[in-house]
$ cat data.cif   # mmCIF, C-alpha atoms and all ligand atoms
data_run
#
loop_
_atom_site.label_atom_id
_atom_site.label_comp_id
_atom_site.auth_asym_id
_atom_site.auth_seq_id
_atom_site.Cartn_x
_atom_site.Cartn_y
_atom_site.Cartn_z
CA MET M 1 -18.86 1.18 5.51
CA ASP M 2 -16.04 -1.09 4.39
CA ILE M 3 -13.94 -2.24 1.45
CA PRO M 4 -15.31 -5.13 -0.69
CA ARG M 5 -15.34 -8.23 1.49
CA ILE M 6 -13.18 -10.23 -0.92
CA PHE M 7 -10.10 -8.17 0.13
CA ASN M 8 -10.84 -8.67 3.80
CA ILE M 9 -10.80 -12.41 3.04
CA THR M 10 -7.77 -12.71 0.74
CA GLU M 11 -5.57 -10.26 2.73
CA SER M 12 -6.73 -11.14 6.24
CA ALA M 13 -3.32 -12.62 7.15
CA HIS M 14 -1.22 -9.84 5.58
CA ARG M 15 0.63 -7.38 7.78
CA ILE M 16 1.66 -5.38 4.72
CA HIS M 17 -0.89 -5.11 1.91
CA ASN M 18 1.65 -4.24 -0.76
CA PRO M 19 4.72 -5.79 -2.44
CA ILE M 20 7.07 -4.04 -0.01
CA THR M 21 8.70 -6.38 2.52
CA PRO M 22 9.28 -5.67 6.24
CA GLU M 23 12.98 -5.22 5.43
CA LYS M 24 12.27 -2.62 2.74
CA LEU M 25 9.76 -0.85 4.95
CA ALA M 26 12.54 -0.57 7.53
CA THR M 27 14.96 0.64 4.83
CA LEU M 28 12.47 3.33 3.87
CA GLY M 29 12.00 4.45 7.48
CA ALA M 30 15.77 4.76 7.91
CA ALA M 31 16.20 6.49 4.54
CA LEU M 32 13.78 9.24 5.57
CA ARG M 33 15.95 10.15 8.61
CA LEU M 34 12.89 10.41 10.80
CA GLU M 35 13.27 12.40 14.00
CA PRO M 36 11.76 11.18 17.28
CA ARG M 37 8.24 12.62 17.72
CA ALA M 38 7.98 13.33 13.96
CA ARG M 39 4.28 13.33 13.03
CA VAL M 40 3.15 10.92 10.32
CA LEU M 41 -0.25 10.77 8.61
CA ASP M 42 -1.06 7.57 6.69
CA LEU M 43 -4.12 7.47 4.42
CA GLY M 44 -5.10 3.87 3.66
CA SER M 45 -2.98 2.60 6.54
CA GLY M 46 -4.11 -1.03 6.18
CA SER M 47 -2.99 -3.16 9.13
CA GLY M 48 -0.73 -0.35 10.35
CA GLU M 49 2.68 -1.96 9.87
CA MET M 50 4.41 1.19 8.62
CA LEU M 51 3.24 3.45 11.45
CA CYS M 52 3.70 0.82 14.15
CA THR M 53 7.23 -0.24 13.18
CA TRP M 54 8.38 3.35 12.58
CA ALA M 55 6.94 4.31 15.98
CA ARG M 56 8.96 1.49 17.54
CA ASP M 57 12.16 2.05 15.54
CA HIS M 58 12.22 5.85 15.22
CA GLY M 59 9.83 7.15 17.87
CA VAL M 60 7.44 8.74 15.39
CA VAL M 61 3.85 9.49 16.33
CA GLY M 62 0.91 9.48 13.98
CA THR M 63 -2.50 8.63 12.67
CA GLY M 64 -3.69 6.04 10.17
CA ILE M 65 -7.06 6.04 8.46
CA ASP M 66 -8.43 3.00 6.69
CA LEU M 67 -11.77 1.93 5.29
CA SER M 68 -11.35 -1.73 6.28
CA GLN M 69 -12.67 -2.39 9.75
CA LEU M 70 -10.73 -5.65 9.93
CA PHE M 71 -7.40 -4.09 8.92
CA THR M 72 -7.95 -1.19 11.34
CA GLU M 73 -8.57 -3.61 14.21
CA GLN M 74 -5.42 -5.50 13.24
CA ALA M 75 -3.49 -2.22 13.22
CA LYS M 76 -4.66 -1.39 16.75
CA ARG M 77 -3.65 -4.85 17.95
CA ARG M 78 -0.25 -4.50 16.27
CA ALA M 79 0.33 -1.17 18.05
CA VAL M 80 -0.32 -2.85 21.40
CA GLU M 81 1.90 -5.80 20.45
CA LEU M 82 4.81 -3.48 19.55
CA GLY M 83 4.27 -1.28 22.63
CA VAL M 84 3.46 1.86 20.65
CA ALA M 85 -0.27 2.23 21.34
CA ASP M 86 0.38 5.62 22.99
CA GLN M 87 2.16 6.89 19.85
CA VAL M 88 -0.18 5.87 17.03
CA ARG M 89 -3.91 5.84 16.55
CA PHE M 90 -5.95 4.14 13.87
CA ILE M 91 -9.28 5.39 12.64
CA HIS M 92 -11.77 3.29 10.70
CA ASP M 93 -13.07 5.73 8.09
CA ASP M 94 -13.04 6.81 4.47
CA ALA M 95 -9.80 8.78 4.01
CA ALA M 96 -11.07 10.66 0.92
CA GLY M 97 -10.79 14.35 1.74
CA TYR M 98 -9.12 13.73 5.12
CA VAL M 99 -6.95 16.61 6.33
CA SER M 100 -5.20 16.49 9.72
CA ASP M 101 -5.91 19.14 12.37
CA GLU M 102 -2.22 19.79 12.92
CA PRO M 103 0.35 19.85 10.10
CA VAL M 104 2.43 16.68 9.86
CA ASP M 105 6.07 16.04 9.00
CA VAL M 106 5.29 13.07 6.75
CA ALA M 107 2.02 12.57 4.85
CA ALA M 108 1.70 9.16 3.20
CA CYS M 109 -0.55 7.20 0.92
CA VAL M 110 1.07 3.87 0.19
CA GLY M 111 -0.74 1.85 -2.43
CA ALA M 112 -4.15 3.50 -2.16
CA CYS M 113 -3.93 6.53 -4.48
CA TRP M 114 -7.53 6.11 -5.65
CA ILE M 115 -8.32 7.80 -2.29
CA GLY M 116 -7.42 11.12 -3.93
CA GLY M 117 -8.61 10.12 -7.40
CA GLY M 118 -5.10 9.21 -8.64
CA VAL M 119 -1.51 10.20 -7.91
CA ALA M 120 -1.88 13.94 -8.60
CA GLY M 121 -5.08 14.28 -6.56
CA THR M 122 -3.60 12.27 -3.70
CA ILE M 123 -0.48 14.46 -3.60
CA GLU M 124 -2.75 17.51 -3.46
CA LEU M 125 -4.79 15.98 -0.65
CA LEU M 126 -1.70 14.99 1.38
CA ALA M 127 -0.17 18.45 0.85
CA ARG M 128 -3.08 19.96 2.77
CA SER M 129 -1.92 18.13 5.92
CA LEU M 130 1.80 18.75 5.44
CA ARG M 131 3.98 21.28 7.23
CA PRO M 132 6.20 23.44 4.99
CA GLY M 133 9.30 21.39 4.18
CA GLY M 134 7.58 18.10 5.03
CA ILE M 135 7.74 14.87 3.04
CA ILE M 136 4.99 13.24 1.02
CA LEU M 137 5.15 9.47 0.51
CA ILE M 138 3.42 7.91 -2.46
CA GLY M 139 3.33 4.14 -3.00
CA GLU M 140 2.39 3.35 -6.56
CA PRO M 141 2.84 0.73 -9.31
CA TYR M 142 4.75 1.41 -12.53
CA TRP M 143 5.53 -0.71 -15.58
CA ARG M 144 8.74 -2.62 -14.98
CA ARG M 145 8.36 -3.76 -18.59
CA LEU M 146 5.93 -1.94 -20.84
CA PRO M 147 3.13 -4.40 -21.80
CA PRO M 148 3.32 -5.11 -25.54
CA THR M 149 -0.48 -5.26 -25.82
CA GLU M 150 -3.57 -4.07 -23.97
CA GLU M 151 -4.32 -7.73 -23.29
CA VAL M 152 -1.12 -8.04 -21.27
CA ALA M 153 -2.04 -4.91 -19.29
CA LYS M 154 -5.42 -6.50 -18.49
CA GLY M 155 -3.56 -9.64 -17.42
CA CYS M 156 -1.85 -7.42 -14.83
CA LEU M 157 -5.38 -6.41 -13.66
CA ALA M 158 -4.89 -2.91 -15.07
CA GLU M 159 -7.66 -1.48 -17.21
CA SER M 160 -5.19 -0.36 -19.84
CA ILE M 161 -1.51 0.37 -20.49
CA ALA M 162 -2.30 4.02 -19.78
CA ASP M 163 -3.08 3.21 -16.12
CA PHE M 164 0.64 3.25 -15.24
CA LEU M 165 3.89 4.83 -16.41
CA VAL M 166 7.37 3.38 -16.75
CA LEU M 167 9.67 4.36 -13.88
CA PRO M 168 11.50 7.30 -15.53
CA GLU M 169 8.15 8.75 -16.61
CA LEU M 170 6.64 8.30 -13.16
CA LEU M 171 9.63 10.05 -11.57
CA ALA M 172 9.44 12.87 -14.12
CA SER M 173 5.69 13.23 -13.49
CA PHE M 174 6.37 14.13 -9.85
CA GLY M 175 8.61 16.94 -11.11
CA GLU M 176 5.84 18.16 -13.39
CA LEU M 177 3.61 18.41 -10.31
CA GLY M 178 6.21 20.66 -8.66
CA TYR M 179 7.92 18.09 -6.44
CA ASP M 180 11.48 16.85 -6.02
CA VAL M 181 11.83 13.10 -5.62
CA VAL M 182 14.15 12.94 -2.58
CA GLU M 183 14.14 9.19 -1.90
CA MET M 184 12.64 5.96 -3.18
CA VAL M 185 12.48 2.31 -2.21
CA LEU M 186 11.40 -0.08 -4.96
CA ALA M 187 9.79 -3.47 -4.57
CA ASP M 188 11.22 -6.50 -6.35
CA GLN M 189 9.74 -9.78 -7.53
CA ASP M 190 10.34 -11.47 -4.17
CA GLY M 191 8.34 -8.68 -2.56
CA TRP M 192 5.55 -9.22 -5.08
CA ASP M 193 5.58 -12.92 -4.14
CA ARG M 194 5.19 -12.06 -0.46
CA TYR M 195 2.15 -9.93 -1.28
CA GLU M 196 0.48 -12.12 -3.92
CA ALA M 197 1.50 -15.67 -2.99
CA ALA M 198 0.57 -15.05 0.65
CA LYS M 199 -3.03 -14.68 -0.50
CA TRP M 200 -3.11 -18.25 -1.82
CA LEU M 201 -2.63 -20.06 1.48
CA THR M 202 -5.06 -17.63 3.11
CA MET M 203 -7.65 -18.42 0.41
CA ARG M 204 -7.11 -22.17 0.67
CA ARG M 205 -7.55 -22.16 4.45
CA TRP M 206 -10.56 -19.83 4.22
CA LEU M 207 -12.21 -22.17 1.70
CA GLU M 208 -11.72 -25.13 4.00
CA ALA M 209 -13.29 -23.21 6.90
CA ASN M 210 -16.11 -21.57 4.86
CA PRO M 211 -17.27 -24.00 2.16
CA GLY M 212 -20.84 -22.70 2.15
CA ASP M 213 -20.03 -18.97 2.10
CA GLU M 214 -21.55 -16.88 -0.70
CA LEU M 215 -18.01 -15.89 -1.81
CA ALA M 216 -16.69 -19.49 -1.81
CA GLY M 217 -17.11 -19.79 -5.58
CA GLU M 218 -15.24 -16.55 -6.25
CA VAL M 219 -12.43 -17.43 -3.85
CA ARG M 220 -12.12 -20.91 -5.38
CA ALA M 221 -11.92 -19.43 -8.88
CA GLN M 222 -9.22 -16.97 -7.76
CA LEU M 223 -7.17 -19.63 -6.01
CA THR M 224 -7.32 -21.81 -9.13
CA ALA M 225 -6.36 -19.07 -11.57
CA GLU M 226 -4.17 -16.65 -9.64
CA PRO M 227 -0.77 -18.38 -9.44
CA ALA M 228 -0.44 -18.77 -13.23
CA ARG M 229 -1.96 -15.35 -13.99
CA TYR M 230 0.30 -13.65 -11.48
CA ALA M 231 3.45 -15.40 -12.76
CA ALA M 232 2.65 -14.60 -16.41
CA TYR M 233 1.69 -10.97 -15.94
CA THR M 234 1.99 -9.01 -12.69
CA ARG M 235 5.27 -10.59 -11.63
CA GLU M 236 6.88 -9.89 -15.01
CA TYR M 237 5.46 -6.52 -15.96
CA LEU M 238 4.55 -4.56 -12.86
CA GLY M 239 6.95 -2.71 -10.62
CA TRP M 240 6.04 -0.93 -7.43
CA GLY M 241 7.74 1.62 -5.25
CA VAL M 242 7.40 4.20 -2.53
CA PHE M 243 8.51 7.69 -3.57
CA ALA M 244 9.42 10.46 -1.13
CA LEU M 245 8.58 13.94 -2.41
CA MET M 246 9.31 17.50 -1.30
CA ARG M 247 7.70 20.59 -2.76
CA ARG M 248 10.10 22.65 -4.91
N1 LIG S 1 -0.79 1.20 3.10
C1 LIG S 1 -1.16 -0.11 3.57
C2 LIG S 1 -2.40 -0.67 2.87
C3 LIG S 1 -2.36 -0.67 1.37
S1 LIG S 1 -3.68 -1.60 0.61
C4 LIG S 1 -0.01 -1.07 3.40
O1 LIG S 1 0.92 -0.76 2.65
O2 LIG S 1 -0.04 -2.14 4.00
C5 LIG S 1 -4.89 -0.34 0.34
C6 LIG S 1 -5.62 0.04 1.61
O3 LIG S 1 -6.52 1.10 1.32
C7 LIG S 1 -6.48 -1.07 2.22
O4 LIG S 1 -6.10 -1.23 3.56
C8 LIG S 1 -7.90 -0.56 2.10
O5 LIG S 1 -8.72 -0.98 3.17
C9 LIG S 1 -7.69 0.93 2.11
N2 LIG S 1 -8.72 1.76 1.49
C10 LIG S 1 -9.37 1.56 0.32
N3 LIG S 1 -10.20 2.60 0.07
C11 LIG S 1 -10.05 3.47 1.10
C12 LIG S 1 -10.64 4.75 1.44
N4 LIG S 1 -11.53 5.32 0.63
N5 LIG S 1 -10.25 5.34 2.58
C13 LIG S 1 -9.34 4.75 3.41
N6 LIG S 1 -8.77 3.58 3.15
C14 LIG S 1 -9.12 2.95 2.01
#
$ encode --input "data.cif" --output "structure tokens"
Amino acid sequence: MDIPRIFNITESAHRIHNPITPEKLATLGAALRLEPRARVLDLGSGSGEMLCTWARDHGVVGTGIDLSQLFTEQAKRRAVELGVADQVRFIHDDAAGYVSDEPVDVAACVGACWIGGGVAGTIELLARSLRPGGIILIGEPYWRRLPPTEEVAKGCLAESIADFLVLPELLASFGELGYDVVEMVLADQDGWDRYEAAKWLTMRRWLEANPGDELAGEVRAQLTAEPARYAAYTREYLGWGVFALMRR
């Protein structure tokens, strides 16, 4: 049970598997006014940077669930490194349908909303773990510029323009689901570079170490094509943010 191996290769050196930077992750943690011992649930927790740094900086406790064995191991190591291993735990599992035993103060899914079958389904899933008055965090892309053609949307690795909304529409859609947007931290193009460009050096080094691997051809093709594709499409058209929601 794991995510497709290609992601475990290209993102093996990432601490944050999203366009949000460590600085913005810290901004978000501060913006949420987290109390010590606040309970946080993180579905698709990746390498655990959000839970681990918020445990260190704000004293939160919590659980992360992630389908990547590699990322989950990295998260556990990061917790030890930051001295918060007694505050956070990381579970290697499919987070689809996961509901915590005890209600949490913050229920998050940052950049993995397919876990609940899309934004609306993920909000519904997270709400089942949330205490009354708690905060839901959703990390999700939006169109920074609306693609003029379906071809441009595909260049952004979306299936179609309809995959994402523009920011005002995305914010309004949370209202239509019965939630107030109470905070947000948006990524910028530098943050996208940290997420996307960091894959290139990882791929190059992996290729040098694994020339005979069955995925070497795919990784080589990605390394060759990605910088120009990314600069032409994702970097120009796609925005990304984390949105904090409270039930009306
Ligand atoms: N929230 C993290 C990771 C985002 S990347 C961060 O911001 O760094 C998306 C994550 O979802 C990856 O770590 C991937 O392994 C995980 N994932 C994908 N499908 C999943 C599933 N069904 N259940 C749990 N995690 C999943």
$ closest_residue --input "data.cif" --among "M:Gly62, M:Gly217, M:Pro147, M:Pro19" --to "ligand LIG 1 (chain S)" --atoms "only C-alpha atoms and all ligand atoms"
M:Pro19
$ residues_near_ligand --input "data.cif" --ligand "ligand LIG 1 (chain S)" --cutoff "9 Å" --atoms "all atoms listed in the file" --output "PDB file with C-alpha atoms, keeping the file's coordinate frame"
ATOM      1  CA  ASP M   2     -16.040  -1.090   4.390  1.00  0.00           C
ATOM      2  CA  ILE M   3     -13.940  -2.240   1.450  1.00  0.00           C
ATOM      3  CA  PRO M   4     -15.310  -5.130  -0.690  1.00  0.00           C
ATOM      4  CA  PHE M   7     -10.100  -8.170   0.130  1.00  0.00           C
ATOM      5  CA  ASN M   8     -10.840  -8.670   3.800  1.00  0.00           C
ATOM      6  CA  HIS M  14      -1.220  -9.840   5.580  1.00  0.00           C
ATOM      7  CA  ARG M  15       0.630  -7.380   7.780  1.00  0.00           C
ATOM      8  CA  ILE M  16       1.660  -5.380   4.720  1.00  0.00           C
ATOM      9  CA  HIS M  17      -0.890  -5.110   1.910  1.00  0.00           C
ATOM     10  CA  ASN M  18       1.650  -4.240  -0.760  1.00  0.00           C
ATOM     11  CA  PRO M  19       4.720  -5.790  -2.440  1.00  0.00           C
ATOM     12  CA  ILE M  20       7.070  -4.040  -0.010  1.00  0.00           C
ATOM     13  CA  ASP M  42      -1.060   7.570   6.690  1.00  0.00           C
ATOM     14  CA  LEU M  43      -4.120   7.470   4.420  1.00  0.00           C
ATOM     15  CA  GLY M  44      -5.100   3.870   3.660  1.00  0.00           C
ATOM     16  CA  SER M  45      -2.980   2.600   6.540  1.00  0.00           C
ATOM     17  CA  GLY M  46      -4.110  -1.030   6.180  1.00  0.00           C
ATOM     18  CA  SER M  47      -2.990  -3.160   9.130  1.00  0.00           C
ATOM     19  CA  GLY M  48      -0.730  -0.350  10.350  1.00  0.00           C
ATOM     20  CA  GLU M  49       2.680  -1.960   9.870  1.00  0.00           C
ATOM     21  CA  MET M  50       4.410   1.190   8.620  1.00  0.00           C
ATOM     22  CA  GLY M  64      -3.690   6.040  10.170  1.00  0.00           C
ATOM     23  CA  ILE M  65      -7.060   6.040   8.460  1.00  0.00           C
ATOM     24  CA  ASP M  66      -8.430   3.000   6.690  1.00  0.00           C
ATOM     25  CA  LEU M  67     -11.770   1.930   5.290  1.00  0.00           C
ATOM     26  CA  SER M  68     -11.350  -1.730   6.280  1.00  0.00           C
ATOM     27  CA  GLN M  69     -12.670  -2.390   9.750  1.00  0.00           C
ATOM     28  CA  LEU M  70     -10.730  -5.650   9.930  1.00  0.00           C
ATOM     29  CA  PHE M  71      -7.400  -4.090   8.920  1.00  0.00           C
ATOM     30  CA  THR M  72      -7.950  -1.190  11.340  1.00  0.00           C
ATOM     31  CA  HIS M  92     -11.770   3.290  10.700  1.00  0.00           C
ATOM     32  CA  ASP M  93     -13.070   5.730   8.090  1.00  0.00           C
ATOM     33  CA  ASP M  94     -13.040   6.810   4.470  1.00  0.00           C
ATOM     34  CA  ALA M  95      -9.800   8.780   4.010  1.00  0.00           C
ATOM     35  CA  ALA M  96     -11.070  10.660   0.920  1.00  0.00           C
ATOM     36  CA  TYR M  98      -9.120  13.730   5.120  1.00  0.00           C
ATOM     37  CA  ALA M 108       1.700   9.160   3.200  1.00  0.00           C
ATOM     38  CA  CYS M 109      -0.550   7.200   0.920  1.00  0.00           C
ATOM     39  CA  VAL M 110       1.070   3.870   0.190  1.00  0.00           C
ATOM     40  CA  GLY M 111      -0.740   1.850  -2.430  1.00  0.00           C
ATOM     41  CA  ALA M 112      -4.150   3.500  -2.160  1.00  0.00           C
ATOM     42  CA  CYS M 113      -3.930   6.530  -4.480  1.00  0.00           C
ATOM     43  CA  TRP M 114      -7.530   6.110  -5.650  1.00  0.00           C
ATOM     44  CA  ILE M 115      -8.320   7.800  -2.290  1.00  0.00           C
ATOM     45  CA  GLY M 116      -7.420  11.120  -3.930  1.00  0.00           C
ATOM     46  CA  GLY M 139       3.330   4.140  -3.000  1.00  0.00           C
TER      47      GLY M 139
END
$ closest_residue --input "data.cif" --among "M:Leu223, M:Ala187, M:Cys156, M:Leu245" --to "Ser173 (chain M)" --atoms "all atoms listed in the file"
M:Leu245
$ closest_residue --input "data.cif" --among "M:Val119, M:Arg39, M:Tyr195, M:Asp57" --to "Arg89 (chain M)" --atoms "all atoms listed in the file"
M:Arg39
$ closest_residue --input "data.cif" --among "M:Ser160, M:Thr21, M:Leu51, M:Glu140" --to "Leu34 (chain M)" --atoms "all atoms listed in the file"
M:Leu51
$ closest_residue --input "data.cif" --among "M:Glu196, M:Asp213, M:Glu124, M:Glu183" --to "Gly241 (chain M)" --atoms "only C-alpha atoms"
M:Glu183
$ residues_around --input "data.cif" --residues "Leu170 (chain M)" --least-positions-apart "6" --cutoff "10 Å" --atoms "only C-alpha atoms" --output "PDB file with C-alpha atoms, in the coordinates of the input"
ATOM      1  CA  VAL M 119      -1.510  10.200  -7.910  1.00  0.00           C
ATOM      2  CA  GLU M 140       2.390   3.350  -6.560  1.00  0.00           C
ATOM      3  CA  PRO M 141       2.840   0.730  -9.310  1.00  0.00           C
ATOM      4  CA  TYR M 142       4.750   1.410 -12.530  1.00  0.00           C
ATOM      5  CA  TRP M 143       5.530  -0.710 -15.580  1.00  0.00           C
ATOM      6  CA  PHE M 164       0.640   3.250 -15.240  1.00  0.00           C
ATOM      7  CA  GLU M 176       5.840  18.160 -13.390  1.00  0.00           C
ATOM      8  CA  PHE M 243       8.510   7.690  -3.570  1.00  0.00           C
TER       9      PHE M 243
END
$ residues_around --input "data.cif" --residues "Thr10 (chain M)" --least-positions-apart "4" --cutoff "10 Å" --atoms "only C-alpha atoms" --output "short mmCIF file (atom, residue, chain, number, x, y, z; two decimals) with C-alpha atoms, keeping the file's coordinate frame"
data_model
loop_
_atom_site.label_atom_id
_atom_site.label_comp_id
_atom_site.auth_asym_id
_atom_site.auth_seq_id
_atom_site.Cartn_x
_atom_site.Cartn_y
_atom_site.Cartn_z
CA ARG M 5 -15.34 -8.23 1.49
CA ILE M 6 -13.18 -10.23 -0.92
CA HIS M 14 -1.22 -9.84 5.58
CA GLU M 196 0.48 -12.12 -3.92
CA ALA M 198 0.57 -15.05 0.65
CA LYS M 199 -3.03 -14.68 -0.50
CA TRP M 200 -3.11 -18.25 -1.82
CA LEU M 201 -2.63 -20.06 1.48
CA THR M 202 -5.06 -17.63 3.11
CA MET M 203 -7.65 -18.42 0.41
CA ARG M 204 -7.11 -22.17 0.67
CA TRP M 206 -10.56 -19.83 4.22
CA VAL M 219 -12.43 -17.43 -3.85
CA GLN M 222 -9.22 -16.97 -7.76
CA LEU M 223 -7.17 -19.63 -6.01
#
$ atom_distance --input "data.cif" --atom1 "CA of Gly134 (chain M)" --atom2 "CA of Pro103 (chain M)"
9.0 Å
$ residues_around --input "data.cif" --residues "region 230-234 of chain M" --least-positions-apart "5" --cutoff "9 Å" --atoms "all atoms listed in the file" --output "list in words"
Pro147, Val152, Ala153, Lys154, Gly155, Cys156, Leu157, Trp192, Glu196, Ala197, Ala225 and Gly239 of chain M
$ closest_residue --input "data.cif" --among "M:Ala13, M:Gly133, M:Ala75, M:Met246" --to "Asp180 (chain M)" --atoms "only C-alpha atoms"
M:Met246
$ atom_distance --input "data.cif" --atom1 "CA of Arg37 (chain M)" --atom2 "CA of Ala120 (chain M)"
28.2 Å
$ residues_around --input "data.cif" --residues "Gly83 (chain M)" --least-positions-apart "2" --cutoff "12 Å" --atoms "only C-alpha atoms" --output "ChimeraX atom specification"
/M:52-57,59,76-81,85-88
$ atom_distance --input "data.cif" --atom1 "CA of Arg144 (chain M)" --atom2 "CA of Tyr237 (chain M)"
5.2 Å
$ residues_around --input "data.cif" --residues "Leu28 (chain M)" --least-positions-apart "3" --cutoff "8 Å" --atoms "all atoms listed in the file" --output "ChimeraX atom specification"
/M:24-25,31-32,184-185
